[in-house]
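Engineer: Before I ask anything, here is the structure I am working with.
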2 protein chains.
Amino acid sequence: MAERFERIQASPAYQLVADAIEREILSGRIQPGERIGTEAALVEQFGVNRSTVREGIRLLEQSGLIRRDSSRRLYASLPRYAKLASRISRALLLHEVTFRELYETTMALEVASVRLAAERITPPQLQAIADNLARTEAALDDPRILSELDTEFHALIAEAAGNRVLQLAREPTSLLIYPTTQVIFEGSPRGPSRLLEAHSRLHAALAARDRQAAGVWMERHVVDWRKGFERAGKDLDTPVERVYMDHVMVGGSRL
Amino acid sequence: MAERFERIQASPAYQLVADAIEREILSGRIQPGERIGTEAALVEQFGVNRSTVREGIRLLEQSGLIRRDSSRRLYASLPRYAKLASRISRALLLHEVTFRELYETTMALEVASVRLAAERITPPQLQAIADNLARTEAALDDPRILSELDTEFHALIAEAAGNRVLQLAREPTSLLIYPTTQVIFEGSPRGPSRLLEAHSRLHAALAARDRQAAGVWMERHVVDWRKGFERAGKDLDTPVERVYMDHVMVGGSRL
DNA sequence: ACCAATTTGTCCGTATGTATG
DNA sequence: TCATACATACGGACAAATTGG
């Protein structure tokens, strides 16, 4: 007999519950910050069992559309960038992307960020970068701190770019690539001073609102990362190791 | 009395169950494709009630680390890019990002993609783009189809770039920005032919493996989008409307 | 193609700890 | 302080679907 109809596959009730609540939030009928009804109320509305409602809620909880406050009550909320970014990082790790892929993407996003930042940076943001620079100068002999300051430096620039889409796009890559600077610097005497010079030049370009110079120096800076990476005996075409997993949060706590 | 200890906040049992399973997958002790134990087995191992186990599983199900096959059994799996991308798109929508933010990010990512594609594109990929071009030429008077072909065109280039990180980075933005071409073309007689010319030039540059030309034409092409957008009477600084939500999947099915 | 065992989906009732007013 | 509401967690039960002989 010919196949006349495609298979009907009814989703489980808990999935339907989750979809229904999700739709309410996405459509704006439930505003972020607004309380989701109590479980008892949802049981009433959906006409399903308590357990089913709870499974549906758990389904949404992970996505960030729903959050529990201290009292365990459920509220609709906006997914946080940090959480999204760490999920993406994890996915990239699991897919075993290579450092080359991170490198190329970082190049595009960091250069774009700093060029925008040169146009839009505010005095307080410039000051924050100057602070970072000072702390970097004081930590030239500590690769671990240096690596953290480097991550912060680029995050500050991304913030100054005033573009949340760009900011979110660069975050996952940043989480994976900047921790490597620690390893690079541990075997490279000239590395830290080169980093400091690049950061100083970038700060100067931003202060001068010089889009062009900022872009050029960022490009050099990212190329420098690659050279250091290769000089440290590493291959760009190897997948990012799971070692860097501990920079990625799991369920609210580090692994 | 002085505060000697900070507050201990135990996570709910279902959260601990989810974290435990997640750790097994992230650490590689459970390989993608491998079955997660049956609920009964997990009840045994964790020493909690089955409802609790089920809530923990639901928590993971949404993240893409766990998937149900047709038989409803649970397998570990790699998070799919498409699912991640649509989640990010949704988050961007909820945060009410502006078209300007999308525009700037698209510019950076599409130019970077096409430059890499010019170096790496394979003959079959080039052929796929040629096919797309032919279909575009045949659909110049249908804005809806044109918009879909435009999205496909850029996705093909991203694929040819051979960089999964870049591919994932551009996808969420693409999901939000390309549907607008439909609206733009509906009131713009010269729009479709300009799109066709840009796509043709890009194809030629890729065929010639001309990195430089490819980048330049892509830049013009993206700028063209902005001009069309503004000519259609729209403001770059308005948030992306929820209208585009229906390009974003919810729970496996469209809204 | 049939049957038995397994597994998931769903429901019911109850107990407990905690936050809120 | 106390009472109430609510989320968490447990135990047991049954139907439906799937698996594997």
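By order of appearance in the structure tokens: chains A, B, ..., then residues from 1 within every chain, and ligands from 1 in the order shown.
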Which chain D residues are at most 10 Å from chain A (counting only C-alpha atoms (C1' of nucleotides)), as an MDAnalysis selection string?
Structural biologist: chainID D and resid 5:8
Engineer: Next, the residues of the selection above should be written as a compact mmCIF listing (two decimals), in the first residue's frame with N, CA and C atoms (P, O5', C5', C4', C3', O3' and C1' of nucleotides).
Structural biologist:
# COMPACT_ATOMS: atom_id res chain seq x y z
P DA D 5 -3.31 28.73 52.24
O5' DA D 5 -2.12 28.97 51.21
C5' DA D 5 -1.49 30.26 51.16
C4' DA D 5 -0.22 30.16 50.35
C3' DA D 5 -0.34 29.23 49.13
O3' DA D 5 0.33 29.85 48.04
C1' DA D 5 1.42 28.49 50.53
P DC D 6 0.13 29.23 46.57
O5' DC D 6 1.54 28.56 46.32
C5' DC D 6 2.73 29.31 46.57
C4' DC D 6 3.91 28.37 46.67
C3' DC D 6 3.91 27.28 45.59
O3' DC D 6 4.93 27.58 44.65
C1' DC D 6 4.57 26.46 47.75
P DA D 7 5.19 26.68 43.35
O5' DA D 7 6.55 25.92 43.68
C5' DA D 7 7.69 26.68 44.03
C4' DA D 7 8.74 25.80 44.68
C3' DA D 7 9.24 24.65 43.80
O3' DA D 7 10.64 24.54 43.94
C1' DA D 7 8.34 23.79 45.81
P DT D 8 11.43 23.48 43.01
O5' DT D 8 11.61 22.25 44.00
C5' DT D 8 12.43 22.42 45.16
C4' DT D 8 12.39 21.18 45.98
C3' DT D 8 12.79 19.89 45.26
O3' DT D 8 13.92 19.34 45.92
C1' DT D 8 10.82 19.57 46.55
Engineer: Give as a PyMOL selection string every residue of chain B that touches chain A within 8 Å, counting only C-alpha atoms.
Structural biologist: chain B and resi 15+19+22-23+26-27+51+54-56+58-63+78-79+84+88+91-92+94-95+97+101-102+104-105+108-109+112+163-166+169+173+242+250-251+255
Engineer: Kindly provide, as a PyMOL selection string, the residues of chain C having any atom no farther than 12 Å from an atom of chain A, counting only C-alpha atoms (C1' of nucleotides).
Structural biologist: chain C and resi 8-13+18-20
Engineer: If I take atom CA of A:Ala41 and atom CA of B:Arg68, how far is one from the other in Å, to one decimal?
Structural biologist: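 About the pair atom CA of A:Ala41 and atom CA of B:Arg68: they are 28.9 Å apart.
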Engineer: DSSP on the backbone: which residues in stretch 28-201 of chain A end up as alpha helix (DSSP H)? Give the answer as a PyMOL selection string.
Structural biologist: chain A and resi 39-46+50-61+81-94+99-120+123-138+143-160+164-177+180-186+191-201
Engineer: Which residues come within 12 Å of C:DA4, counting only C-alpha atoms (C1' of nucleotides), excluding same-chain residues fewer than 6 positions away, as a ChimeraX atom specification?
Structural biologist: /D:19-21
Engineer: Could you name the residues that touch B:Arg120 at 12 Å or less, counting only C-alpha atoms (C1' of nucleotides), but leaving out those on the same chain fewer than 4 positions away, as a list in words?
Structural biologist: Ser113, Val114, Arg115, Leu116, Pro124, Gln125, Leu126, Ile157, Ala158, Glu159, Ala160, Ala161, Gly162, Asn163, Leu206, Ala207, Ala208, Arg209, Asp210 and Arg211 of chain B
Engineer: Identify, on the basis of only C-alpha atoms (C1' of nucleotides), every residue whose closest approach to C:DA15 does not exceed 12 Å; exclude the query and any residue fewer than 4 positions from it along the same chain; express the result as a PyMOL selection string.
Structural biologist: chain D and resi 8-11
